[in-house]
Structure formats: structure tokens, C-alpha cells
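So this one's my_file.csv, CSV, C-alpha atoms:
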chain,number,residue,atom,x,y,z
A,1,MET,CA,-23.9,-8.3,9.9
A,2,LYS,CA,-25.8,-5.1,9.7
A,3,VAL,CA,-25.1,-2.0,7.6
A,4,LYS,CA,-27.3,1.0,8.3
A,5,ALA,CA,-27.5,2.2,4.7
A,6,LEU,CA,-26.0,1.4,1.3
A,7,SER,CA,-23.5,3.9,-0.2
A,8,ALA,CA,-21.8,3.7,-3.6
A,9,THR,CA,-18.6,2.8,-1.7
A,10,ALA,CA,-20.3,0.0,0.2
A,11,ILE,CA,-21.6,-1.5,-3.1
A,12,LYS,CA,-18.2,-1.3,-4.7
A,13,ASP,CA,-16.5,-2.9,-1.7
A,14,PHE,CA,-19.0,-5.7,-1.6
A,15,LEU,CA,-18.6,-6.5,-5.3
A,16,GLN,CA,-14.8,-6.3,-5.1
A,17,CYS,CA,-14.2,-8.1,-1.8
A,18,ARG,CA,-16.6,-8.9,0.9
A,19,MET,CA,-13.8,-8.7,3.5
A,20,LYS,CA,-13.7,-5.0,2.9
A,21,ILE,CA,-17.2,-4.6,4.0
A,22,VAL,CA,-16.3,-6.4,7.3
A,23,PHE,CA,-13.3,-4.3,7.9
A,24,ARG,CA,-15.0,-1.0,7.0
A,25,TYR,CA,-18.4,-1.4,8.6
A,26,ASP,CA,-18.3,-4.3,11.1
A,27,ARG,CA,-14.8,-4.0,12.6
A,28,GLU,CA,-14.5,-0.3,11.8
A,29,LYS,CA,-10.8,-0.7,11.0
A,30,ASP,CA,-8.9,2.5,10.2
A,31,SER,CA,-8.1,2.7,6.5
A,32,ILE,CA,-4.5,3.1,5.6
A,33,ARG,CA,-4.5,5.6,2.8
A,34,ASN,CA,-1.8,6.8,0.5
A,35,ASP,CA,-1.0,10.3,-0.5
A,36,HIS,CA,-3.1,10.0,-3.7
A,37,ALA,CA,-6.2,9.4,-1.6
A,38,LYS,CA,-5.2,12.2,0.8
A,39,ILE,CA,-4.8,14.8,-1.8
A,40,GLY,CA,-8.2,13.9,-3.3
A,41,THR,CA,-9.8,14.5,0.1
A,42,ALA,CA,-8.0,17.8,0.6
A,43,VAL,CA,-8.9,19.1,-2.8
A,44,HIS,CA,-12.6,18.1,-2.3
A,45,LYS,CA,-12.7,20.0,1.0
A,46,ALA,CA,-11.1,23.1,-0.6
A,47,LEU,CA,-13.4,23.1,-3.6
A,48,GLU,CA,-16.4,22.7,-1.3
A,49,GLN,CA,-15.5,25.6,0.9
A,50,PHE,CA,-14.6,27.8,-2.1
A,51,THR,CA,-17.9,27.1,-3.9
A,52,LEU,CA,-19.9,27.8,-0.7
A,53,ARG,CA,-18.1,31.1,-0.3
A,54,MET,CA,-18.7,32.1,-4.0
A,55,ALA,CA,-22.4,31.0,-3.8
A,56,ASN,CA,-22.9,33.8,-1.3
A,57,LYS,CA,-20.8,36.4,-3.2
A,58,LYS,CA,-22.2,35.7,-6.6
A,59,SER,CA,-19.2,37.3,-8.4
A,60,PHE,CA,-16.1,36.4,-10.2
A,61,PRO,CA,-13.2,35.5,-7.8
A,62,ASP,CA,-10.9,38.2,-6.6
A,63,PRO,CA,-7.4,37.7,-5.0
A,64,SER,CA,-8.9,37.1,-1.6
A,65,ASP,CA,-10.9,34.2,-3.0
A,66,TYR,CA,-7.8,32.6,-4.4
A,67,GLU,CA,-6.0,33.0,-1.1
A,68,PHE,CA,-9.1,31.5,0.7
A,69,ALA,CA,-9.2,28.4,-1.6
A,70,ILE,CA,-5.5,27.7,-1.3
A,71,THR,CA,-5.6,28.1,2.5
A,72,CYS,CA,-8.5,25.7,2.7
A,73,PHE,CA,-6.5,23.2,0.7
A,74,MET,CA,-3.3,23.6,2.7
A,75,ASN,CA,-5.2,23.2,6.0
A,76,ALA,CA,-7.1,20.1,4.8
A,77,ALA,CA,-3.9,18.6,3.4
A,78,THR,CA,-2.0,19.0,6.7
A,79,GLU,CA,-5.0,17.6,8.6
A,80,GLU,CA,-4.9,14.6,6.3
A,81,GLY,CA,-1.2,14.1,7.0
A,82,LEU,CA,0.0,14.6,3.4
A,83,GLU,CA,3.8,14.4,3.5
A,84,ASN,CA,5.1,14.8,0.0
A,85,LEU,CA,5.7,18.4,-0.9
A,86,ASP,CA,5.1,17.7,-4.6
A,87,PHE,CA,1.5,16.8,-3.8
A,88,TYR,CA,1.1,20.1,-2.0
A,89,SER,CA,2.3,21.9,-5.2
A,90,ASP,CA,0.0,19.7,-7.3
A,91,GLY,CA,-3.0,20.4,-5.1
A,92,ARG,CA,-2.4,24.2,-5.1
A,93,ARG,CA,-2.3,24.1,-8.9
A,94,ILE,CA,-5.6,22.1,-9.1
A,95,VAL,CA,-7.4,24.4,-6.8
A,96,THR,CA,-6.0,27.6,-8.5
A,97,ASP,CA,-7.1,26.2,-11.9
A,98,PHE,CA,-10.6,25.5,-10.5
A,99,VAL,CA,-10.9,29.0,-9.2
A,100,ASP,CA,-9.7,30.4,-12.6
A,101,LYS,CA,-12.6,28.7,-14.4
A,102,TYR,CA,-15.3,29.4,-11.8
A,103,ASN,CA,-18.6,30.5,-13.3
A,104,PRO,CA,-20.7,32.8,-11.0
A,105,SER,CA,-23.7,32.4,-13.3
A,106,GLU,CA,-24.3,28.8,-12.1
A,107,ASP,CA,-27.7,28.4,-10.5
A,108,LEU,CA,-26.6,26.3,-7.5
A,109,LEU,CA,-29.2,24.1,-5.9
A,110,ALA,CA,-26.8,22.4,-3.4
A,111,VAL,CA,-23.2,22.2,-2.5
A,112,GLU,CA,-21.8,19.1,-0.7
A,113,HIS,CA,-25.4,17.8,-0.3
A,114,LYS,CA,-25.5,14.8,2.0
A,115,PHE,CA,-28.5,12.6,1.6
A,116,ARG,CA,-30.0,9.6,3.4
A,117,LEU,CA,-33.1,8.2,1.7
A,118,GLU,CA,-35.2,5.1,1.4
A,119,THR,CA,-35.8,3.9,-2.1
A,120,PRO,CA,-39.3,2.8,-3.4
A,121,ASP,CA,-38.1,-0.7,-2.6
A,122,GLY,CA,-37.4,0.1,1.0
A,123,ILE,CA,-33.6,0.1,0.7
A,124,PRO,CA,-31.8,2.8,2.7
A,125,ILE,CA,-29.2,4.7,0.7
A,126,THR,CA,-26.7,7.4,1.6
A,127,GLY,CA,-24.1,9.6,0.0
A,128,SER,CA,-23.0,13.1,-0.7
A,129,MET,CA,-23.2,15.2,-3.9
A,130,ASP,CA,-20.4,17.7,-4.5
A,131,LYS,CA,-22.6,20.1,-6.4
A,132,VAL,CA,-26.1,20.3,-7.9
A,133,ILE,CA,-26.8,22.9,-10.6
A,134,ARG,CA,-30.2,23.9,-12.0
A,135,VAL,CA,-29.7,24.0,-15.8
A,136,ASN,CA,-33.3,25.0,-16.7
A,137,SER,CA,-36.8,24.4,-15.6
A,138,ASP,CA,-36.6,20.7,-16.5
A,139,THR,CA,-33.0,19.8,-16.0
A,140,ILE,CA,-30.5,19.6,-13.1
A,141,MET,CA,-26.8,18.6,-13.2
A,142,ILE,CA,-25.2,16.6,-10.5
A,143,VAL,CA,-21.4,17.2,-10.4
A,144,ASP,CA,-18.8,15.0,-8.7
A,145,TYR,CA,-15.1,16.1,-8.5
A,146,LYS,CA,-12.4,13.7,-9.4
A,147,THR,CA,-8.6,14.2,-9.0
A,148,ALA,CA,-7.6,11.3,-11.3
A,149,ARG,CA,-4.9,11.9,-13.9
A,150,ASN,CA,-7.0,10.3,-16.7
A,151,ALA,CA,-10.6,11.0,-17.5
A,152,ALA,CA,-13.1,8.2,-17.9
A,153,THR,CA,-15.0,7.8,-21.2
A,154,PRO,CA,-18.8,8.3,-21.5
A,155,PHE,CA,-19.1,4.6,-22.2
A,156,GLU,CA,-17.3,3.7,-19.0
A,157,LEU,CA,-19.6,6.1,-17.0
A,158,GLN,CA,-22.7,4.2,-18.2
A,159,GLY,CA,-21.9,1.5,-15.7
A,160,ASP,CA,-20.6,3.8,-12.9
A,161,ILE,CA,-22.2,2.8,-9.6
A,162,GLN,CA,-21.7,6.2,-7.9
A,163,LEU,CA,-23.4,8.1,-10.7
A,164,SER,CA,-26.3,5.7,-10.7
A,165,MET,CA,-26.6,6.3,-7.0
A,166,TYR,CA,-26.7,10.1,-7.6
A,167,ASP,CA,-29.3,9.7,-10.4
A,168,LEU,CA,-31.6,7.6,-8.2
A,169,ALA,CA,-31.2,9.9,-5.2
A,170,ALA,CA,-31.8,13.0,-7.3
A,171,SER,CA,-35.0,11.6,-8.7
A,172,MET,CA,-36.3,11.3,-5.2
A,173,LEU,CA,-34.9,14.6,-3.9
A,174,TRP,CA,-35.9,16.8,-6.8
A,175,PRO,CA,-38.7,15.0,-8.7
A,176,GLN,CA,-39.8,18.2,-10.3
A,177,TYR,CA,-36.8,18.0,-12.6
A,178,PRO,CA,-37.3,15.0,-15.0
A,179,ASN,CA,-33.9,15.4,-16.6
A,180,ARG,CA,-30.8,14.7,-14.6
A,181,LEU,CA,-27.4,15.2,-16.2
A,182,LEU,CA,-24.5,13.4,-14.4
A,183,ARG,CA,-21.1,15.0,-14.7
A,184,LEU,CA,-17.6,14.0,-13.5
A,185,ASP,CA,-15.4,17.0,-13.3
A,186,PHE,CA,-11.8,15.8,-13.6
A,187,VAL,CA,-10.3,18.9,-11.9
A,188,ARG,CA,-6.6,17.9,-12.3
A,189,ILE,CA,-6.9,17.9,-16.1
A,190,ALA,CA,-9.8,20.3,-16.5
A,191,LYS,CA,-12.0,17.9,-18.3
A,192,ASN,CA,-15.7,17.2,-17.9
A,193,VAL,CA,-17.4,13.9,-18.9
A,194,ASN,CA,-21.2,13.7,-18.9
A,195,SER,CA,-23.6,10.8,-18.6
A,196,LEU,CA,-27.3,10.1,-18.3
A,197,ARG,CA,-29.5,7.2,-16.9
A,198,SER,CA,-32.6,5.9,-18.7
A,199,PRO,CA,-35.6,4.6,-16.8
A,200,ASP,CA,-34.5,1.0,-17.6
A,201,GLN,CA,-31.0,1.7,-16.2
A,202,ARG,CA,-32.5,3.2,-13.1
A,203,LEU,CA,-34.7,0.1,-12.5
A,204,LEU,CA,-31.7,-2.2,-13.1
A,205,PHE,CA,-29.7,-0.2,-10.5
A,206,ARG,CA,-32.6,-0.6,-8.0
A,207,ASP,CA,-32.5,-4.4,-8.6
A,208,LEU,CA,-28.8,-4.3,-7.9
A,209,LEU,CA,-29.4,-2.4,-4.6
A,210,LYS,CA,-32.0,-5.0,-3.5
A,211,SER,CA,-29.6,-7.9,-4.2
A,212,VAL,CA,-26.6,-6.3,-2.5
A,213,TRP,CA,-28.6,-5.1,0.5
A,214,LYS,CA,-30.0,-8.6,1.1
A,215,GLN,CA,-26.6,-10.3,0.8
A,216,ILE,CA,-24.8,-7.8,3.0
A,217,ASN,CA,-27.3,-8.3,5.7
A,218,GLU,CA,-27.1,-12.0,5.5
A,219,LEU,CA,-23.3,-12.0,5.7
A,220,ASP,CA,-21.8,-14.1,8.5
A,221,GLU,CA,-18.4,-12.6,9.4
A,222,SER,CA,-17.0,-16.0,10.3
A,223,ASP,CA,-17.7,-17.2,6.7
A,224,VAL,CA,-16.1,-14.2,5.0
A,225,THR,CA,-12.6,-14.4,3.5
A,226,GLY,CA,-10.6,-12.0,1.4
A,227,ARG,CA,-11.1,-12.2,-2.4
A,228,LEU,CA,-7.7,-11.7,-4.2
A,229,ASN,CA,-8.1,-9.5,-7.2
A,230,SER,CA,-6.1,-7.0,-9.2
A,231,LEU,CA,-7.0,-4.1,-6.9
A,232,CYS,CA,-5.6,-5.7,-3.7
A,233,GLY,CA,-2.4,-3.7,-3.9
A,234,TYR,CA,-4.4,-0.5,-3.7
A,235,CYS,CA,-6.7,-1.6,-0.8
A,236,ASP,CA,-6.8,0.5,2.3
A,237,TYR,CA,-7.3,-2.6,4.4
A,238,LYS,CA,-4.7,-5.0,2.9
A,239,SER,CA,-2.5,-4.9,6.0
A,240,TYR,CA,-5.4,-6.5,8.0
A,241,CYS,CA,-6.3,-9.1,5.3
A,242,ARG,CA,-5.1,-12.7,5.9
A,243,GLU,CA,-5.5,-13.7,2.3
A,244,TYR,CA,-3.3,-10.8,1.1
A,245,SER,CA,-0.7,-11.7,3.8
A,246,LYS,CA,-0.6,-15.3,2.7
A,247,PHE,CA,-0.3,-14.2,-0.9
A,248,VAL,CA,2.7,-11.9,-0.3
A,249,GLN,CA,4.4,-14.4,2.0
A,250,ASN,CA,4.0,-17.4,-0.4
A,251,PRO,CA,7.4,-19.0,-0.7
A,252,ASP,CA,6.8,-19.6,-4.4
A,253,LEU,CA,6.5,-15.8,-4.9
A,254,PRO,CA,9.3,-13.2,-4.4
A,255,LEU,CA,7.0,-11.0,-2.3
A,256,GLN,CA,8.2,-11.3,1.3
A,257,PRO,CA,7.3,-8.4,3.6
A,258,LEU,CA,9.7,-5.6,2.7
A,259,SER,CA,10.0,-4.4,6.2
A,260,GLU,CA,11.7,-7.6,7.2
A,261,ILE,CA,14.5,-7.9,4.6
A,262,SER,CA,18.1,-6.9,4.8
A,263,ASP,CA,19.7,-4.5,2.3
A,264,ALA,CA,21.5,-7.4,0.6
A,265,THR,CA,18.2,-9.2,0.1
A,266,PHE,CA,16.6,-6.0,-1.0
A,267,LEU,CA,19.1,-5.7,-3.8
A,268,GLU,CA,18.7,-9.3,-4.8
A,269,HIS,CA,14.9,-8.8,-4.8
A,270,TRP,CA,15.2,-5.7,-6.9
A,271,GLU,CA,17.3,-7.5,-9.6
A,272,GLU,CA,15.0,-10.5,-9.6
A,273,ILE,CA,11.9,-8.3,-10.0
A,274,ALA,CA,13.5,-6.2,-12.8
A,275,ASN,CA,14.5,-9.4,-14.7
A,276,LYS,CA,11.1,-10.9,-14.4
A,277,LYS,CA,9.4,-7.6,-15.3
A,278,SER,CA,11.4,-7.6,-18.6
A,279,ILE,CA,10.4,-11.2,-19.4
A,280,LEU,CA,6.7,-10.6,-18.6
A,281,GLU,CA,6.6,-7.4,-20.6
A,282,ALA,CA,8.1,-9.2,-23.6
A,283,ARG,CA,5.5,-11.9,-23.1
A,284,GLN,CA,2.7,-9.4,-23.0
A,285,ARG,CA,3.9,-7.8,-26.3
A,286,GLU,CA,3.7,-11.3,-27.9
A,287,LEU,CA,0.2,-11.8,-26.6
A,288,LYS,CA,-0.8,-8.4,-28.0
A,289,MET,CA,0.6,-9.2,-31.4
A,290,ILE,CA,-1.4,-12.5,-31.5
A,291,ALA,CA,-4.5,-10.7,-30.3
A,292,HIS,CA,-4.1,-8.0,-32.9
A,293,GLU,CA,-3.7,-10.6,-35.7
A,294,LYS,CA,-6.8,-12.5,-34.6
A,295,PHE,CA,-8.9,-9.3,-34.4
A,296,MET,CA,-7.7,-8.2,-37.8
A,297,ARG,CA,-9.0,-11.6,-39.1
A,298,GLY,CA,-12.3,-10.9,-37.4
A,299,GLU,CA,-11.7,-13.7,-34.8
A,300,ALA,CA,-12.8,-13.4,-31.1
A,301,ILE,CA,-10.8,-14.7,-28.1
A,302,ILE,CA,-13.4,-16.2,-25.7
A,303,GLY,CA,-13.1,-18.8,-22.9
A,304,ASN,CA,-14.5,-19.7,-19.5
A,305,GLY,CA,-17.2,-17.0,-19.7
A,306,LYS,CA,-14.7,-14.2,-20.5
A,307,GLU,CA,-13.8,-12.4,-23.7
A,308,LEU,CA,-10.9,-10.2,-24.7
A,309,ALA,CA,-12.2,-6.8,-25.7
A,310,SER,CA,-10.4,-4.1,-27.7
A,311,THR,CA,-10.7,-0.4,-27.5
A,312,GLN,CA,-8.7,2.3,-29.3
A,313,GLN,CA,-7.7,5.6,-27.8
A,314,SER,CA,-7.9,8.7,-30.1
A,315,ARG,CA,-5.3,11.4,-30.2
A,316,THR,CA,-5.9,14.9,-31.5
A,317,ASN,CA,-3.3,17.0,-33.3
A,318,TYR,CA,-3.3,20.4,-34.8
A,319,ASP,CA,-1.4,21.9,-37.7
A,320,ILE,CA,0.7,24.6,-36.1
A,321,GLU,CA,0.5,27.0,-39.0
A,322,GLN,CA,-3.3,26.9,-39.0
A,323,VAL,CA,-3.4,27.4,-35.2
A,324,VAL,CA,-1.1,30.5,-35.5
A,325,GLU,CA,-3.6,32.0,-38.0
A,326,LEU,CA,-6.5,31.5,-35.7
A,327,ILE,CA,-5.1,32.7,-32.4
A,328,PRO,CA,-4.1,36.4,-31.7
A,329,LYS,CA,-0.3,36.8,-31.4
A,330,GLU,CA,-0.5,38.1,-27.8
A,331,ASP,CA,-2.2,34.8,-26.8
A,332,LEU,CA,0.1,32.4,-28.6
A,333,LEU,CA,2.6,32.0,-25.8
A,334,SER,CA,-0.2,30.7,-23.5
A,335,VAL,CA,-1.2,27.8,-25.8
A,336,LEU,CA,1.9,26.8,-27.7
A,337,SER,CA,5.0,24.9,-26.3
A,338,VAL,CA,8.5,24.3,-27.5
A,339,ASN,CA,9.4,20.8,-28.8
A,340,LYS,CA,12.9,20.3,-27.4
A,341,SER,CA,13.9,17.5,-29.9
A,342,ARG,CA,12.9,19.6,-32.9
A,343,LEU,CA,14.7,22.7,-31.4
A,344,ASP,CA,17.8,20.7,-30.8
A,345,ARG,CA,17.8,19.5,-34.5
A,346,TYR,CA,17.2,23.1,-35.7
A,347,SER,CA,20.1,24.6,-33.7
A,348,LYS,CA,22.6,21.7,-34.0
A,349,ASP,CA,24.8,23.5,-36.6
A,350,ASP,CA,24.4,27.0,-35.1
A,351,LEU,CA,26.8,27.2,-32.1
A,352,GLY,CA,25.8,30.7,-31.2
A,353,LEU,CA,22.1,29.8,-31.0
A,354,LYS,CA,22.9,26.7,-29.0
A,355,ASN,CA,24.8,28.7,-26.4
A,356,ARG,CA,22.0,31.3,-26.2
A,357,LEU,CA,19.4,28.5,-25.8
A,358,ALA,CA,21.6,26.9,-23.1
A,359,ASN,CA,21.5,30.2,-21.1
A,360,ILE,CA,17.7,30.3,-21.1
A,361,ALA,CA,17.0,26.6,-20.6
A,362,GLN,CA,14.9,25.6,-17.7
A,363,ILE,CA,15.7,22.2,-16.3
A,364,SER,CA,13.3,20.1,-14.3
A,365,TYR,CA,13.6,16.5,-13.1
A,366,ASN,CA,11.1,13.6,-13.4
A,367,GLN,CA,10.9,10.6,-11.1
A,368,PRO,CA,14.3,9.2,-10.3
A,369,VAL,CA,15.6,6.1,-12.2
A,370,TYR,CA,17.3,3.5,-10.0
A,371,LYS,CA,19.9,0.9,-11.0
A,372,VAL,CA,22.0,-1.6,-9.2
A,373,ARG,CA,25.7,-0.9,-9.7
A,374,VAL,CA,29.1,-2.3,-8.6
A,375,VAL,CA,30.6,-0.9,-5.4
A,376,LYS,CA,34.4,-0.5,-5.7
A,377,GLY,CA,36.2,-3.4,-4.0
A,378,SER,CA,33.2,-5.8,-4.3
A,379,LEU,CA,32.7,-8.7,-6.6
A,380,PRO,CA,31.4,-7.6,-10.0
A,381,VAL,CA,27.7,-7.9,-10.6
A,382,GLU,CA,25.7,-7.2,-13.7
A,383,GLU,CA,23.9,-3.9,-13.7
A,384,VAL,CA,20.1,-4.1,-13.8
A,385,GLU,CA,18.5,-0.8,-14.6
A,386,ASP,CA,15.0,0.1,-13.6
A,387,GLU,CA,13.4,1.0,-16.9
A,388,PRO,CA,11.1,4.1,-16.9
A,389,THR,CA,7.4,3.3,-16.8
A,390,ASN,CA,5.0,4.7,-19.4
A,391,GLU,CA,4.1,7.4,-17.0
A,392,ASP,CA,7.8,8.4,-16.7
A,393,GLU,CA,8.1,8.4,-20.5
A,394,SER,CA,5.1,10.6,-21.1
A,395,ALA,CA,6.3,13.1,-18.5
A,396,ALA,CA,9.7,13.4,-20.0
Same coordinates, now as C-alpha cells:
Amino acid sequence: MKVKALSATAIKDFLQCRMKIVFRYDREKDSIRNDHAKIGTAVHKALEQFTLRMANKKSFPDPSDYEFAITCFMNAATEEGLENLDFYSDGRRIVTDFVDKYNPSEDLLAVEHKFRLETPDGIPITGSMDKVIRVNSDTIMIVDYKTARNAATPFELQGDIQLSMYDLAASMLWPQYPNRLLRLDFVRIAKNVNSLRSPDQRLLFRDLLKSVWKQINELDESDVTGRLNSLCGYCDYKSYCREYSKFVQNPDLPLQPLSEISDATFLEHWEEIANKKSILEARQRELKMIAHEKFMRGEAIIGNGKELASTQQSRTNYDIEQVVELIPKEDLLSVLSVNKSRLDRYSKDDLGLKNRLANIAQISYNQPVYKVRVVKGSLPVEEVEDEPTNEDESAA
């Protein structure tokens, strides 16, 4: 099997499942992408076109620039076949927020810079950088846009293959800049996360390139099979994969193809999954309790070359009285929000206030909650409610 050049995507595919390499590069199968992937592509195209436009204008955006960016997104989204209107609304907001924070003082070296290079070890690499900024005479910044809902941590970015590819390519494209800052711009949540690569990390990545390049070119398609892993459900090529098909059609698993089941079987399947989900979640809570107790005693959980690792997310809060003192009154409404639970408790004994609040209340709806219920005239069945996920709870 022959691949013309290594990209970050090719490396990730190879490490995750070699069958993906076969589907993408050898058989050239069309990827079946969901709306999350489509909106990412559409946003990228819009930000690219907007940045190119502003690089020529070298000014702060005016109303025509906002219109241009939104039009670019809408056109790209329809070309991608994005169907869900909520995604269109989300994409327009992301693009508008990006335009809001545009900095015309950036010294742009490149926008959507496509590269195809050969490393010092003779390995062909390819890719595309969303934006390259000259920071000073010694430093450049390579920026990549991400539409994820959560930002990665600086620690996670230390092992990011795509950023390592950018660092290596930039060291060859712009050797006059010894310092290369790597940035992921999470445009959906307006957060930037930076990373760097040391000379040792760069050499390690070159060794990885040599190993992957050799193994890919020695692949015999007839010997390649799918590798089941936790990302299979998100794979663009799962509908072509025999291993995935065998997995979902396994008679010991309740995962028969959904397109082939009747409504009655669908409802039975729903209840079965809901019941098993509750059991598994309870089991997971028990496992977490045991793990927490062991960690508190300083014990590790290790076996078969694996280890359970623990991380702790931080949460930042502000005292509202101190915030009010720091921010001008005319700006308070733009940074503060109303806590509905506390407002309800405050107004519970004041009927007049409750009525006035009801008149100004703005109601929105989250994702629907489904449950199986009894149909009149049918045999009684136990109701099984689809409990909200963590994402639903956080959005409420």
C-alpha cells in the first residue's frame, strides 16, 4: 500500500485503526460525516475567507465584514449538506464572535497555508495551517481553529500529533524564527490554549514519522482488519467496516442494525438499553468510590501494562459583590446573569413580584427527554424514562 505523504490525520488513523488508512487512502471511500464535522468544516472556511479579506483591509471589521463572514459560513454549510437549523444558528454565532474579537494589528505571515515537505529523514509530510502570525523577530505563532465544546489542557497538547506536525513543518518553512508558539483557538468557547515543542520532542516526533511511514508502506491490504476501540462509534468509515458490523450484529449484544427493526422492537430495545444504562452507571459510581479510596491511601491501580490515572478539573468563581465594585454599572448587564433558582426563592412570598417576573420570563427548551409510556387500551407497561445526560443537565 502506498501513501504519497504523511498528514496528522493519516498518523492518527494508523494509530487508531489501520483499516481507516485502507478506506481513506487505498480504497478512497467517501467518509460519512455527521453535522458536528460539517459545521467544523463550514466554520473553518468562513474564518479563512474572513481573515484573508481583513488581511488586505488592515482595519477593524465594519458591518459589511460581518455580513461577508456570515455569508461565507452559510454558503459553506449548505455545500456541506448541514441539515439541522440549530447548527446554522450555532455556526453564525461562532463566526460573529470571531469577527468581534478580530485584531487587525496581527502581523500575518500566512493564512490557510498548505505545505508539502520532506523531512531531514526523507519522510514526505503534508498539511495545512489555519494561520501563522509573526510575534517578533524571533517568534512565530501557528494557530489552528477548533470548534469543540471543551478546550484541551496544555498538558494534553504536549502529545498532540497535529501540533507536532505544525512545529516540524514550521521549523523547515521559516527557519529564521527559532521560537514557534503553537496555539489551538477554540472558537466556539473563545478560549486559546498554547503549547511549545522542545528539540527533544521534535526529534521524538521525527522518529514516530519514520516508524509510521515504514509500516504504512509495508501494509498489505489483505492482512488488515478493523481494530475495535472506543472511537468506533464516531468513525466516518464504520459502515464499511466488517469488524464493526460483526460487533453490532453480535447476538449476545442488543445492537442490531436500527434500520431493520420494527417499532415494537425499537421500544423494547429502548427500555433494555435504559435499564442497562442505569445498572452500568451505578457500577461505575461504585468503581469511582473504590478508586478514590485507594488514591486517598496513596495506592495505585495497575495491571496488564495499564494504570488508572486521576485528574481534577478546576472551577473558578467570583464574589458578586466584589465584581460589582470592579465593573462599571453600564457594563454589568453584559457580564452578569440571573440565577433562576435563587430568584425563585427570593420571590416566593411576593405574589406581585412573581407575576411581574412571569410576564418578562424568556423560555427556551433544551434537548427533548423521551420516555416509554402506556397507550390507552394496551397492556400496562412500566415507564422507563430517558434520564438527561450530563450535557443536558449543564445546559439546563
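Distance check against Arg227 in chain A using only C-alpha atoms: of A:Gln49, A:Ile133, A:Lys214, A:Arg242, the minimum falls on A:Arg242.
We find CA of Tyr177 in chain A and CA of Thr139 in chain A to be spaced 5.4 Å apart.
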- Query: Given the choices A:Leu109, A:Leu326, A:Leu85, A:Ala170, which gets closest to Leu52 in chain A if the distance is worked out from only C-alpha atoms?
  - Reply: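 Looking only at the distances to Leu52 in chain A, the closest residue turns out to be A:Leu109.
Taking CA of Ala37 in chain A and CA of Gly91 in chain A as endpoints, the distance between them is 12.0 Å.
As for CA of Leu184 in chain A and CA of Met141 in chain A, they are spaced 10.3 Å apart.
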Since the input is missing atoms for range 340-358 of chain A, could you rebuild it with N, CA and C atoms and give the result as a PDB file, in the frame of the given file?
ATOM      1  N   LYS A 340      11.464  20.223 -27.630  1.00  0.00           N
ATOM      2  CA  LYS A 340      12.900  20.300 -27.400  1.00  0.00           C
ATOM      3  C   LYS A 340      13.670  19.486 -28.484  1.00  0.00           C
ATOM      4  N   SER A 341      13.180  18.336 -28.881  1.00  0.00           N
ATOM      5  CA  SER A 341      13.900  17.500 -29.900  1.00  0.00           C
ATOM      6  C   SER A 341      14.004  18.283 -31.204  1.00  0.00           C
ATOM      7  N   ARG A 342      12.915  18.908 -31.618  1.00  0.00           N
ATOM      8  CA  ARG A 342      12.900  19.600 -32.900  1.00  0.00           C
ATOM      9  C   ARG A 342      13.833  20.887 -32.774  1.00  0.00           C
ATOM     10  N   LEU A 343      13.807  21.535 -31.605  1.00  0.00           N
ATOM     11  CA  LEU A 343      14.700  22.700 -31.400  1.00  0.00           C
ATOM     12  C   LEU A 343      16.123  22.312 -31.430  1.00  0.00           C
ATOM     13  N   ASP A 344      16.449  21.181 -30.832  1.00  0.00           N
ATOM     14  CA  ASP A 344      17.800  20.700 -30.800  1.00  0.00           C
ATOM     15  C   ASP A 344      18.296  20.417 -32.271  1.00  0.00           C
ATOM     16  N   ARG A 345      17.424  19.807 -33.061  1.00  0.00           N
ATOM     17  CA  ARG A 345      17.800  19.500 -34.500  1.00  0.00           C
ATOM     18  C   ARG A 345      17.970  20.836 -35.241  1.00  0.00           C
ATOM     19  N   TYR A 346      17.127  21.811 -34.975  1.00  0.00           N
ATOM     20  CA  TYR A 346      17.200  23.100 -35.700  1.00  0.00           C
ATOM     21  C   TYR A 346      18.467  23.845 -35.376  1.00  0.00           C
ATOM     22  N   SER A 347      18.926  23.748 -34.124  1.00  0.00           N
ATOM     23  CA  SER A 347      20.100  24.600 -33.700  1.00  0.00           C
ATOM     24  C   SER A 347      21.403  23.793 -33.713  1.00  0.00           C
ATOM     25  N   LYS A 348      21.408  22.549 -34.175  1.00  0.00           N
ATOM     26  CA  LYS A 348      22.600  21.700 -34.000  1.00  0.00           C
ATOM     27  C   LYS A 348      23.834  22.274 -34.759  1.00  0.00           C
ATOM     28  N   ASP A 349      23.623  23.010 -35.853  1.00  0.00           N
ATOM     29  CA  ASP A 349      24.800  23.500 -36.600  1.00  0.00           C
ATOM     30  C   ASP A 349      25.018  25.012 -36.318  1.00  0.00           C
ATOM     31  N   ASP A 350      24.275  25.594 -35.389  1.00  0.00           N
ATOM     32  CA  ASP A 350      24.400  27.000 -35.100  1.00  0.00           C
ATOM     33  C   ASP A 350      24.919  27.113 -33.609  1.00  0.00           C
ATOM     34  N   LEU A 351      26.248  27.165 -33.430  1.00  0.00           N
ATOM     35  CA  LEU A 351      26.800  27.200 -32.100  1.00  0.00           C
ATOM     36  C   LEU A 351      26.376  28.356 -31.272  1.00  0.00           C
ATOM     37  N   GLY A 352      26.261  29.521 -31.893  1.00  0.00           N
ATOM     38  CA  GLY A 352      25.800  30.700 -31.200  1.00  0.00           C
ATOM     39  C   GLY A 352      24.416  30.559 -30.631  1.00  0.00           C
ATOM     40  N   LEU A 353      23.527  30.046 -31.480  1.00  0.00           N
ATOM     41  CA  LEU A 353      22.100  29.800 -31.000  1.00  0.00           C
ATOM     42  C   LEU A 353      22.096  28.788 -29.937  1.00  0.00           C
ATOM     43  N   LYS A 354      22.896  27.726 -30.067  1.00  0.00           N
ATOM     44  CA  LYS A 354      22.900  26.700 -29.000  1.00  0.00           C
ATOM     45  C   LYS A 354      23.336  27.237 -27.700  1.00  0.00           C
ATOM     46  N   ASN A 355      24.324  28.123 -27.697  1.00  0.00           N
ATOM     47  CA  ASN A 355      24.800  28.700 -26.400  1.00  0.00           C
ATOM     48  C   ASN A 355      23.730  29.628 -25.827  1.00  0.00           C
ATOM     49  N   ARG A 356      23.063  30.416 -26.685  1.00  0.00           N
ATOM     50  CA  ARG A 356      22.000  31.300 -26.200  1.00  0.00           C
ATOM     51  C   ARG A 356      20.843  30.491 -25.604  1.00  0.00           C
ATOM     52  N   LEU A 357      20.507  29.386 -26.278  1.00  0.00           N
ATOM     53  CA  LEU A 357      19.400  28.500 -25.800  1.00  0.00           C
ATOM     54  C   LEU A 357      19.827  27.883 -24.445  1.00  0.00           C
ATOM     55  N   ALA A 358      21.117  27.510 -24.323  1.00  0.00           N
ATOM     56  CA  ALA A 358      21.600  26.900 -23.100  1.00  0.00           C
ATOM     57  C   ALA A 358      21.455  27.873 -21.910  1.00  0.00           C
TER      58      ALA A 358
END
